[in-house]
Structure formats: structure tokens, C-alpha cells
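Have a look at structure14.txt; it's compact mmCIF, C-alpha atoms and all ligand atoms:
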# COMPACT_ATOMS: atom_id res chain seq x y z
CA MET U 507 0.00 0.00 0.00
CA LYS U 508 1.17 3.50 -0.87
CA ILE U 509 1.30 6.13 1.92
CA GLU U 510 1.53 9.82 1.17
CA GLY U 511 3.31 11.70 3.90
CA LEU U 512 5.53 14.64 4.66
CA ALA U 513 9.18 14.08 5.43
CA ALA U 514 12.33 15.97 6.35
CA LYS U 515 15.04 14.79 3.97
CA GLN U 516 17.86 15.97 6.28
CA ALA U 517 18.41 17.77 9.58
CA GLY U 518 17.04 21.28 9.91
CA VAL U 519 15.07 21.49 6.67
CA ALA U 520 11.35 21.94 5.98
CA LEU U 521 9.05 18.99 5.28
CA GLU U 522 8.36 17.91 1.71
CA PRO U 523 5.83 15.49 0.23
CA TYR U 524 7.12 11.94 0.45
CA THR U 525 5.50 8.74 -0.78
CA PHE U 526 6.43 5.30 0.54
CA GLU U 527 5.14 1.72 0.50
CA VAL U 528 4.02 -0.45 3.43
CA GLU U 529 3.16 -4.15 3.41
CA LYS U 530 -0.31 -5.51 4.06
CA PRO U 531 -0.61 -5.80 7.87
CA GLY U 532 0.57 -9.17 9.23
CA GLY U 533 0.38 -10.50 12.81
CA TYR U 534 -0.58 -7.75 15.25
CA GLU U 535 -0.13 -4.90 12.79
CA CYS U 536 -2.83 -2.55 11.64
CA ILE U 537 -3.31 0.31 9.22
CA ILE U 538 -4.84 3.50 10.55
CA LYS U 539 -6.31 6.27 8.42
CA VAL U 540 -4.93 9.42 10.01
CA LEU U 541 -7.60 11.95 11.09
CA ALA U 542 -5.43 14.29 13.17
CA CYS U 543 -1.89 14.46 14.49
CA GLY U 544 -0.45 16.77 17.13
CA ILE U 545 2.94 18.47 16.81
CA CYS U 546 5.06 17.73 19.86
CA HIS U 547 8.31 19.57 20.48
CA SER U 548 10.03 16.16 20.20
CA ASP U 549 9.07 16.17 16.48
CA ILE U 550 11.11 19.34 16.20
CA HIS U 551 14.04 17.89 18.20
CA MET U 552 13.92 14.88 15.83
CA MET U 553 13.75 17.03 12.68
CA ASN U 554 16.83 18.90 14.00
CA ASN U 555 18.55 15.63 15.03
CA ASP U 556 18.97 17.06 18.55
CA PHE U 557 19.01 13.52 20.01
CA GLY U 558 21.51 12.22 17.43
CA MET U 559 19.23 9.34 16.45
CA SER U 560 17.24 10.75 13.51
CA LYS U 561 17.13 8.83 10.25
CA TYR U 562 16.11 10.59 7.08
CA PRO U 563 13.76 10.84 5.29
CA LEU U 564 11.97 11.34 8.60
CA VAL U 565 8.17 11.42 8.71
CA PRO U 566 7.33 13.16 12.01
CA GLY U 567 4.12 12.91 14.02
CA HIS U 568 3.58 10.80 17.15
CA GLU U 569 0.30 12.11 18.52
CA VAL U 570 -1.80 10.29 15.97
CA VAL U 571 -5.55 9.79 16.02
CA GLY U 572 -7.21 7.82 13.29
CA GLU U 573 -9.59 5.17 12.17
CA VAL U 574 -8.56 1.54 11.88
CA VAL U 575 -8.95 0.50 8.24
CA GLU U 576 -7.08 -2.82 8.15
CA ILE U 577 -5.98 -5.32 10.78
CA GLY U 578 -3.55 -8.24 10.77
CA PRO U 579 -4.79 -11.79 11.42
CA GLU U 580 -3.80 -11.79 15.14
CA VAL U 581 -5.58 -8.56 16.09
CA THR U 582 -8.63 -9.15 18.30
CA HIS U 583 -9.02 -5.99 20.39
CA LEU U 584 -9.53 -3.62 17.45
CA LYS U 585 -11.77 -3.75 14.42
CA LYS U 586 -12.19 -1.71 11.28
CA GLY U 587 -13.80 1.65 12.03
CA ASP U 588 -12.44 1.95 15.62
CA ARG U 589 -11.04 5.32 16.61
CA VAL U 590 -7.58 4.85 18.09
CA GLY U 591 -4.56 6.84 19.13
CA VAL U 592 -0.84 6.07 18.82
CA GLY U 593 1.85 8.00 20.68
CA TRP U 594 5.63 8.03 20.78
CA GLN U 595 6.09 4.33 21.42
CA ARG U 596 5.70 1.98 18.52
CA SER U 597 6.59 -1.36 20.09
CA SER U 598 8.48 -3.17 22.83
CA CYS U 599 9.58 -6.77 23.45
CA LEU U 600 6.58 -7.43 25.79
CA GLN U 601 8.68 -10.08 27.60
CA CYS U 602 11.43 -8.37 29.62
CA ARG U 603 11.17 -7.47 33.30
CA ASP U 604 10.14 -3.90 32.50
CA CYS U 605 7.47 -5.01 30.01
CA LEU U 606 6.10 -7.62 32.44
CA ARG U 607 5.77 -4.90 35.07
CA GLY U 608 3.74 -2.74 32.70
CA ASN U 609 6.65 -0.41 32.01
CA GLU U 610 6.85 -1.02 28.27
CA ASN U 611 8.20 2.52 27.95
CA LEU U 612 11.31 1.45 29.88
CA CYS U 613 11.97 -1.65 27.74
CA ASP U 614 15.54 -1.84 26.36
CA ARG U 615 14.07 -2.97 23.05
CA ASN U 616 11.36 -0.31 22.84
CA GLU U 617 10.97 1.34 19.47
CA ALA U 618 9.68 4.83 18.79
CA LEU U 619 7.30 5.60 15.96
CA ILE U 620 9.42 8.29 14.35
CA VAL U 621 12.80 6.74 15.12
CA THR U 622 12.39 3.33 13.48
CA GLY U 623 9.27 3.99 11.42
CA ALA U 624 7.15 6.66 9.80
CA GLY U 625 4.91 8.91 11.91
CA GLY U 626 1.50 10.46 11.53
CA PHE U 627 2.22 13.39 9.20
CA ALA U 628 0.70 11.25 6.47
CA ASN U 629 -2.63 9.95 5.21
CA TYR U 630 -2.12 6.49 6.76
CA LEU U 631 -0.08 5.01 9.60
CA SER U 632 1.18 1.45 9.84
CA ALA U 633 1.23 0.54 13.56
CA ASP U 634 1.52 -2.32 16.04
CA SER U 635 -2.07 -2.65 17.30
CA ARG U 636 -0.73 -3.50 20.78
CA PHE U 637 0.36 0.14 21.01
CA ALA U 638 -2.85 1.60 19.54
CA PHE U 639 -5.31 2.76 22.18
CA PRO U 640 -9.08 3.12 21.78
CA ILE U 641 -10.05 6.76 22.34
CA PRO U 642 -12.86 7.05 24.89
CA GLU U 643 -16.10 8.65 23.74
CA GLY U 644 -16.42 12.32 24.55
CA ILE U 645 -12.79 13.12 23.73
CA GLU U 646 -12.79 15.09 20.48
CA THR U 647 -10.73 13.67 17.62
CA ASN U 648 -8.68 16.86 17.17
CA ALA U 649 -7.93 17.07 20.89
CA ALA U 650 -7.20 13.37 21.48
CA GLY U 651 -3.77 13.14 19.79
CA PRO U 652 -1.91 15.44 22.21
CA LEU U 653 -2.93 13.18 25.10
CA LEU U 654 -1.02 10.26 23.53
CA CYS U 655 2.41 11.85 23.95
CA GLY U 656 2.23 15.18 25.79
CA GLY U 657 -0.64 14.07 28.03
CA ILE U 658 0.81 10.73 29.08
CA THR U 659 4.25 12.24 29.63
CA VAL U 660 3.07 14.80 32.15
CA TYR U 661 0.48 12.53 33.76
CA ALA U 662 3.05 9.76 34.36
CA ALA U 663 5.75 12.19 35.48
CA LEU U 664 3.38 13.73 38.03
CA ARG U 665 2.13 10.33 39.23
CA TYR U 666 5.64 8.90 39.66
CA ALA U 667 6.63 12.09 41.47
CA GLY U 668 3.90 11.18 43.97
CA MET U 669 0.99 13.37 42.87
CA THR U 670 -2.22 12.59 44.74
CA SER U 671 -4.40 15.54 45.70
CA GLY U 672 -4.17 18.44 48.11
CA GLN U 673 -0.59 19.14 47.06
CA GLU U 674 1.25 22.23 45.89
CA ILE U 675 2.35 21.61 42.32
CA GLY U 676 4.45 23.85 40.09
CA ILE U 677 4.57 23.59 36.31
CA ILE U 678 7.39 25.28 34.38
CA GLY U 679 6.54 26.10 30.74
CA VAL U 680 2.92 26.30 29.63
CA GLY U 681 3.27 24.80 26.17
CA GLY U 682 1.77 21.63 24.75
CA LEU U 683 2.85 19.49 27.71
CA GLY U 684 2.60 22.19 30.36
CA HIS U 685 -0.98 23.25 29.65
CA MET U 686 -2.12 19.62 30.01
CA ALA U 687 -0.09 19.22 33.22
CA VAL U 688 -1.88 22.23 34.73
CA GLN U 689 -5.22 20.60 33.94
CA PHE U 690 -4.32 17.12 35.24
CA ALA U 691 -2.85 18.48 38.48
CA SER U 692 -5.61 20.99 39.21
CA LYS U 693 -8.55 18.81 38.20
CA LEU U 694 -7.25 16.05 40.46
CA GLY U 695 -7.44 18.44 43.39
CA ASN U 696 -4.06 20.11 43.66
CA ARG U 697 -3.12 23.77 43.92
CA VAL U 698 -1.13 24.69 40.83
CA THR U 699 1.44 27.44 40.25
CA VAL U 700 2.73 28.02 36.73
CA PHE U 701 6.05 29.57 35.70
CA THR U 702 5.89 31.02 32.21
CA THR U 703 7.90 33.34 30.00
CA SER U 704 4.72 34.48 28.19
CA GLU U 705 2.59 37.24 29.79
CA ASP U 706 -0.58 36.16 27.97
CA LYS U 707 -0.22 32.62 29.32
CA ALA U 708 0.06 33.97 32.86
CA ASP U 709 -3.24 35.80 32.28
CA PHE U 710 -4.86 32.66 30.90
CA ALA U 711 -3.43 30.19 33.43
CA GLY U 712 -6.40 30.58 35.77
CA LYS U 713 -8.70 29.23 33.06
CA LEU U 714 -6.54 26.11 32.82
CA GLY U 715 -6.87 25.67 36.59
CA ALA U 716 -3.79 27.40 38.03
CA LYS U 717 -4.13 29.39 41.25
CA GLU U 718 -0.89 31.31 40.80
CA ALA U 719 1.00 32.39 37.67
CA ILE U 720 4.56 33.67 37.74
CA VAL U 721 6.13 35.43 34.79
CA VAL U 722 9.80 34.58 34.37
CA LYS U 723 11.71 37.28 32.49
CA LYS U 724 14.50 36.28 30.12
CA GLY U 725 17.88 36.31 31.83
CA GLU U 726 16.37 36.97 35.28
CA LYS U 727 15.94 34.66 38.26
CA PRO U 728 12.48 33.11 38.52
CA PRO U 729 10.48 34.84 41.28
CA ALA U 730 9.58 32.52 44.19
CA PRO U 731 6.05 31.12 44.49
CA SER U 732 4.00 32.10 47.54
CA ARG U 733 4.11 28.55 48.96
CA PRO U 734 6.73 25.78 48.88
CA LEU U 735 6.00 23.12 46.27
CA ASN U 736 5.64 19.38 46.78
CA ILE U 737 6.21 18.68 43.10
CA LEU U 738 7.77 20.84 40.42
CA LEU U 739 7.52 19.68 36.81
CA SER U 740 9.70 21.18 34.08
CA THR U 741 8.39 20.91 30.52
CA VAL U 742 10.86 23.40 29.04
CA PRO U 743 12.86 22.16 26.01
CA GLY U 744 16.01 23.94 27.15
CA ALA U 745 18.12 24.84 30.15
CA ILE U 746 16.49 26.76 33.00
CA ASP U 747 17.80 28.09 36.32
CA TRP U 748 17.85 24.66 38.00
CA GLU U 749 19.49 25.97 41.14
CA ALA U 750 16.82 28.61 41.72
CA TYR U 751 13.92 26.26 41.00
CA VAL U 752 15.16 23.54 43.38
CA GLU U 753 14.88 26.05 46.21
CA PHE U 754 11.14 26.40 45.54
CA LEU U 755 10.60 22.78 46.59
CA ASP U 756 9.31 21.92 50.03
CA SER U 757 11.18 19.35 52.18
CA ASP U 758 10.81 15.92 50.54
CA GLY U 759 9.70 17.69 47.37
CA THR U 760 10.36 16.20 43.93
CA PHE U 761 11.69 17.97 40.86
CA SER U 762 10.35 16.03 37.89
CA ILE U 763 11.94 16.91 34.58
CA VAL U 764 10.40 15.91 31.25
CA GLY U 765 11.48 18.79 28.99
CA LEU U 766 14.70 17.92 27.19
CA PRO U 767 17.57 20.39 27.51
CA GLU U 768 20.71 19.46 25.58
CA GLU U 769 23.09 20.44 28.38
CA PRO U 770 23.63 18.43 31.60
CA LEU U 771 21.84 19.69 34.73
CA THR U 772 23.84 21.56 37.34
CA ILE U 773 22.32 21.37 40.79
CA PRO U 774 24.36 21.71 43.99
CA LEU U 775 23.95 18.59 46.13
CA PHE U 776 23.41 20.60 49.29
CA SER U 777 20.17 22.14 48.05
CA LEU U 778 18.86 18.58 47.71
CA LEU U 779 20.44 17.20 50.87
CA MET U 780 19.37 19.89 53.32
CA LYS U 781 15.67 19.36 52.54
CA ARG U 782 15.81 15.71 51.43
CA ARG U 783 14.64 16.73 47.95
CA ARG U 784 14.66 14.45 44.92
CA ILE U 785 15.17 14.86 41.19
CA MET U 786 13.61 12.51 38.65
CA SER U 787 12.90 12.27 34.97
CA SER U 788 10.62 10.01 33.02
CA PRO U 789 9.82 9.01 29.44
CA ILE U 790 6.18 8.94 28.20
CA GLY U 791 4.26 6.16 30.04
CA GLY U 792 3.52 2.42 29.90
CA ARG U 793 0.35 1.01 28.35
CA GLY U 794 -1.47 0.67 31.67
CA MET U 795 -0.69 4.27 32.52
CA ILE U 796 -1.91 5.40 29.08
CA MET U 797 -5.26 3.64 29.64
CA GLU U 798 -5.52 5.24 33.10
CA MET U 799 -4.62 8.70 31.72
CA LEU U 800 -7.27 8.41 28.99
CA SER U 801 -9.97 7.58 31.51
CA VAL U 802 -8.86 10.38 33.83
CA ALA U 803 -9.01 12.76 30.85
CA GLN U 804 -12.51 11.55 30.01
CA GLU U 805 -13.81 11.60 33.61
CA PHE U 806 -12.28 14.92 34.64
CA GLY U 807 -12.73 16.76 31.35
CA ILE U 808 -9.05 17.29 30.58
CA GLU U 809 -8.98 18.79 27.12
CA PRO U 810 -5.91 19.80 25.19
CA MET U 811 -6.53 23.26 23.70
CA VAL U 812 -5.62 22.96 20.07
CA GLU U 813 -4.81 25.22 17.15
CA VAL U 814 -5.78 23.30 14.05
CA PHE U 815 -3.89 23.43 10.74
CA PRO U 816 -4.48 21.41 7.57
CA MET U 817 -1.79 18.75 7.04
CA GLU U 818 -0.52 20.73 4.01
CA ALA U 819 0.31 23.64 6.34
CA ALA U 820 2.62 21.50 8.51
CA ASN U 821 5.68 23.69 7.91
CA GLU U 822 3.81 26.83 8.93
CA ALA U 823 2.53 25.12 12.08
CA ILE U 824 6.04 23.85 12.96
CA GLU U 825 7.41 27.37 12.60
CA LYS U 826 4.77 28.60 15.08
CA VAL U 827 5.75 25.88 17.55
CA ARG U 828 9.43 26.82 17.15
CA ASN U 829 8.59 30.47 17.86
CA ASN U 830 6.44 29.58 20.89
CA GLU U 831 3.38 31.16 19.23
CA VAL U 832 0.93 28.25 19.52
CA ARG U 833 -1.80 28.29 22.14
CA TYR U 834 -1.44 25.56 23.28
CA ARG U 835 -0.93 22.55 20.96
CA ALA U 836 -0.76 22.60 17.15
CA VAL U 837 -2.67 19.77 15.51
CA LEU U 838 -2.61 18.83 11.82
CA THR U 839 -5.87 17.54 10.42
CA VAL U 840 -6.79 15.66 7.31
CA ASP U 841 -9.97 16.32 5.28
CA ARG U 842 -12.73 14.05 6.49
N1 LIG H 901 10.03 13.03 28.65
C1 LIG H 901 9.27 12.68 27.64
O1 LIG H 901 8.89 11.52 27.47
C2 LIG H 901 8.82 13.73 26.69
C3 LIG H 901 7.65 13.55 25.94
C4 LIG H 901 7.20 14.58 25.12
C5 LIG H 901 7.92 15.76 25.03
N2 LIG H 901 9.07 15.88 25.74
C6 LIG H 901 9.85 17.13 25.70
O2 LIG H 901 9.20 18.11 26.49
C7 LIG H 901 9.56 19.41 26.01
C8 LIG H 901 8.29 20.23 25.83
O3 LIG H 901 7.53 19.75 24.74
P1 LIG H 901 6.22 20.53 24.26
O4 LIG H 901 5.71 19.77 23.11
O5 LIG H 901 5.36 20.83 25.41
O6 LIG H 901 6.89 21.90 23.73
P2 LIG H 901 6.17 23.31 23.49
O7 LIG H 901 4.75 23.10 23.17
O8 LIG H 901 7.05 24.02 22.54
O9 LIG H 901 6.21 23.99 24.93
C9 LIG H 901 7.40 24.27 25.60
C10 LIG H 901 7.20 25.51 26.48
O10 LIG H 901 8.39 25.75 27.24
C11 LIG H 901 8.53 27.16 27.41
N3 LIG H 901 9.86 27.62 26.97
C12 LIG H 901 10.73 28.28 27.72
N4 LIG H 901 11.86 28.49 27.12
C13 LIG H 901 11.78 27.96 25.91
C14 LIG H 901 12.65 27.87 24.82
N5 LIG H 901 13.91 28.33 24.87
N6 LIG H 901 12.20 27.28 23.68
C15 LIG H 901 10.95 26.82 23.62
N7 LIG H 901 10.08 26.87 24.66
C16 LIG H 901 10.49 27.43 25.80
C17 LIG H 901 7.40 27.83 26.67
O11 LIG H 901 6.40 28.04 27.65
P3 LIG H 901 6.11 29.50 28.25
O12 LIG H 901 5.65 30.32 27.08
O13 LIG H 901 5.05 29.22 29.25
O14 LIG H 901 7.38 29.99 28.86
C18 LIG H 901 6.94 26.77 25.70
O15 LIG H 901 5.60 26.93 25.35
C19 LIG H 901 10.37 19.17 24.75
O16 LIG H 901 11.74 19.19 25.06
C20 LIG H 901 9.95 17.77 24.34
O17 LIG H 901 10.90 17.12 23.53
C21 LIG H 901 9.53 14.91 26.58
ZN ZN H 902 6.06 13.82 21.99
ZN ZN H 903 10.63 -5.36 27.06

Output the file's structure in the form of C-alpha cells.
Ligand SMILES: NC(=O)c1ccc[n+]([C@@H]2O[C@H](COP(=O)([O-])OP(=O)(O)OC[C@H]3O[C@@H](n4cnc5c(N)ncnc54)[C@H](OP(=O)(O)O)[C@@H]3O)[C@@H](O)[C@H]2O)c1
Ligand SMILES: [Zn+2]
Ligand SMILES: [Zn+2]
Amino acid sequence: MKIEGLAAKQAGVALEPYTFEVEKPGGYECIIKVLACGICHSDIHMMNNDFGMSKYPLVPGHEVVGEVVEIGPEVTHLKKGDRVGVGWQRSSCLQCRDCLRGNENLCDRNEALIVTGAGGFANYLSADSRFAFPIPEGIETNAAGPLLCGGITVYAALRYAGMTSGQEIGIIGVGGLGHMAVQFASKLGNRVTVFTTSEDKADFAGKLGAKEAIVVKKGEKPPAPSRPLNILLSTVPGAIDWEAYVEFLDSDGTFSIVGLPEEPLTIPLFSLLMKRRRIMSSPIGGRGMIMEMLSVAQEFGIEPMVEVFPMEAANEAIEKVRNNEVRYRAVLTVDR
């Protein structure tokens, strides 16, 4: 079968039309007709080869929502016509200790959609059905994609940092990931403070559920929040003032970092030691956590706010993401 997509032919260039062939689905594979696909900042890191693992031509897109149009002979949990979502992870071994514990995202043999395959900036996606998740009713097709990468990443990072309810939670960067983190944390009963470099986002943060919004000026130290934080989540794709932010944590507080700066972190040990603080990071989430996140999103009305672009306008949308002009997640849609 022929798939018409958009691909970067080398690092740092715009996307161009790109046609490629996929086999008829065997085993657990399926073919999904793409309806919408979010643009995550990781697509941009991959287009730039920031992680040093990009292979070109590279078809980005790993927040895919679509309709199942073909299934392999072993697939029993999906049928033609089902609405499903596929995120960053494409497959794992399903047999190692991590996989058996439900941490498929930690599997040494995990594969990512846009690292070893083609992503969702295309009319069809060839996927492993065991990593395609039914989208619950009530979650709009255009808004569902961002939950599959951005949503699960912040939900899992907050959960593993110990988020319950009644806590003080800080979110740094109110972009695609950050604006979902504010919703998950606040709707589950926590008091949220956001740190943003964008004045308009500080004004809007209350509508997402934040109680406090702090504007961080370029080159200046972030101002302290009014209360110490139990969890602080960074979603910024670059270096921030780690030393200053650690001091905003309460005793036993956790700094959870999911944004991907290129440089190593520099944090003095004593600012951790004196208050028994922790630092953690985490990649996306396992399949069980994705199912949980989708039902939390459905039950608590967590809705990514999306700016929709036709698939043909992908380069324009990517430029807006690069310039931090999107409010809050860009999504490419296909005529339907
Ligand atoms: N750990 C994982 O598994 C995982 C999964 C998905 C994504 N990620 C990573 O998480 C990061 C955020 O992704 P995203 O899709 O949320 O990105 P995004 O939509 O571009 O949002 C990032 C936000 O960070 C803030 N920011 C501050 N300084 C910035 C700078 N120099 N450049 C760009 N933004 C800056 C901006 O918020 P304000 O305007 O509020 O300041 C911006 O909106 C990326 O590094 C991405 O690769 C990690
Ligand atoms: Zn992503
Ligand atoms: Zn495994």
C-alpha cells in the first residue's frame, strides 16, 4: 500500500511530500487512516537531530488519532472503524522485566514511531495494534492526539513524582505538555502554580486551573512562588535556572523533569540534601498508565486546547511551535 506523507530529507530542513510503501498488515499490525496528528516539540528535536538518532527521510508525528482501516490476522481488540490513538512508542519486546511490570516505555528494546518507522504526518499510519489505544467517547478527535504523547508524559511524570491531591504543584513552561499538566494536576485536586515566560499565558493560566502564575523574564531569576512546592515539573525544552527552582521545593519535594535540555543539569547537592529533595525524569508512560490517563481525561474533562492546521500547512505550524506562538498545541488535520 502506498502512503503519502511529509518528510524531512535531512536535519534542519522543511518537510516535503514523500511517498512510501508499506506491506499488508501481518500479525498484530494494523493500518490506521490518520484523522489528526499533534505536533510535539520532540518532532522538532527529531527534525533537527537534537538527540543524534534521527534517520532521514523522517516522517514526524507521534500524537496520531485515526480510524482503523485494516488489521492483521492476530488482532482481536480492534476492528475496522475503531477510533484509536498512537503516541511516541511503537513497540516493545513485551517479555522483559520492564514489560512484564507494565513499564513497556522502559523496555531496552522499545521502538519509537518516528525513530524506526514513519509517523503520523501522512494519510495512513502502519502501527503495532498493541500500542494503539481506543479513544474514549467524549474526547474530540482533534484534541485526542496530544494526550497520547504530551498528556501521558506529564500525567506519568506527576504520578511517579507522587501526585495525589491536596498538594502544591508547580509547572514550568505552559506549552503543549505544560498546559495539560496544569489541567491534570488541578482537576485532580491540587493547587497549581505556573512559571511562564509568556505574559498572555500567565493571564490565561487561571482558566486552565492554576491558582498562581509567575512570569519569568528572560535572563532573570524566577520569582519565588507564595508557597513551597511538593512537586515541580519542568516541561521546558532547554536549560532553566535549576538551582533557583530547586529552592522552591518543600522538604521531601520532587523535581520532575520531562522537557529535554541538551546540556547536563547543574544542581548543587546541598540544596537537595538539606531538605531531602529528589530529582527525577521520566519518558512517556507504559500502556497501563496510558489507559488510566485516557480515563482520567474523560472523567475529569481534561482537554488539550488545540490550534488546528491542515496537514498541508505543517511547515507553517512547525514554525509557530518553534517560535512559541501556539496556544497551546498545534494539531494537523486531514480532510474528512
Ligand atoms: N520526557 C518525555 O517523554 C517527553 C515527551 C514529550 C515531550 N518531551 C519534551 O518536552 C519538552 C516540551 O515539549 P512541548 O511539546 O510541550 O513543547 P512546546 O509546546 O514548545 O512547549 C514548551 C514551552 O516551554 C517554554 N519555553 C521556555 N523556554 C523555551 C525555549 N527556549 N524554547 C521553547 N520553549 C520554551 C514555553 O512556555 P512559556 O511560554 O510558558 O514559557 C513553551 O511553550 C520538549 O523538550 C519535548 O521534547 C519529553
Ligand atoms: Zn512527543
Ligand atoms: Zn521489554

Determine, using all atoms listed in the file, which residues of region 626-685 of chain U have any atom at most 7 Å from an atom of region 721-743 of chain U, and tabulate each with its shortest atom pair and distance in Å to one decimal place, rows ordered by chain and then rising number, as a Markdown table.
| residue | atom | partner | partner_atom | distance |
| --- | --- | --- | --- | --- |
| U:Ala667 | CA | U:Ile737 | CA | 6.8 |
| U:Gln673 | CA | U:Asn736 | CA | 6.2 |
| U:Glu674 | CA | U:Leu735 | CA | 4.8 |
| U:Ile675 | CA | U:Ile737 | CA | 4.9 |
| U:Gly676 | CA | U:Leu738 | CA | 4.5 |
| U:Ile677 | CA | U:Leu739 | CA | 4.9 |
| U:Ile678 | CA | U:Ser740 | CA | 4.7 |
| U:Gly679 | CA | U:Val742 | CA | 5.4 |
| U:Leu683 | CA | U:Thr741 | CA | 6.4 |
| U:Gly684 | CA | U:Thr741 | CA | 5.9 |

Atomic separation - CA of Ala691 (chain U) relative to CA of Ala663 (chain U), Å: 11.1 Å

Could I get the residue neighbourhood of ligand ZN 902 (chain H) at 12 Å, counting all atoms listed in the file, as JSON, numbers by chain? {"U": [543, 544, 545, 546, 547, 548, 549, 550, 551, 552, 566, 567, 568, 569, 570, 592, 593, 594, 595, 618, 619, 620, 621, 625, 626, 651, 652, 653, 654, 655, 656, 657, 658, 659, 660, 682, 683, 741, 743, 764, 765, 766, 789, 790, 791, 835]}

Fewer than 5 positions away in the same chain doesn't count, so skip those; otherwise give me all residues within 8 Å of region 808-821 of chain U, counting only C-alpha atoms, as a list of chain:residue names. U:Ala520, U:Leu521, U:Phe627, U:Ala628, U:Ile645, U:Asn648, U:Ala649, U:Ala650, U:Pro652, U:Leu653, U:Gly682, U:His685, U:Met686, U:Gln689, U:Phe690, U:Lys693, U:Val802, U:Ala803, U:Val832, U:Arg833, U:Tyr834, U:Arg835, U:Ala836, U:Val837, U:Leu838, U:Thr839, U:Val840, U:Asp841

Please provide as a PyMOL selection string all residues within 12 Å of Ala517 (chain U), with the sequence filter that same-chain residues fewer than 5 positions apart are discarded (counting only C-alpha atoms). chain U and resi 549-564

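Take the candidates U:Gln516, U:Asn611, U:Thr622, U:Thr525 and check each one against ligand ZN 903 (chain H) using only C-alpha atoms and all ligand atoms; the shortest distance goes to U:Asn611.
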
Edge lengths and centre in Å, axis-aligned, region 722-728 of chain U plus 3 Å each side, as lines of an AutoDock Vina configuration file:
center_x = 13.8
center_y = 35.2
center_z = 34.3
size_x = 14.1
size_y = 10.2
size_z = 14.4

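When all atoms listed in the file are used to compute distances to ligand LIG 901 (chain H), the closest of the residues U:Val680, U:Ile785, U:Leu694, U:Ala716 turns out to be U:Val680.
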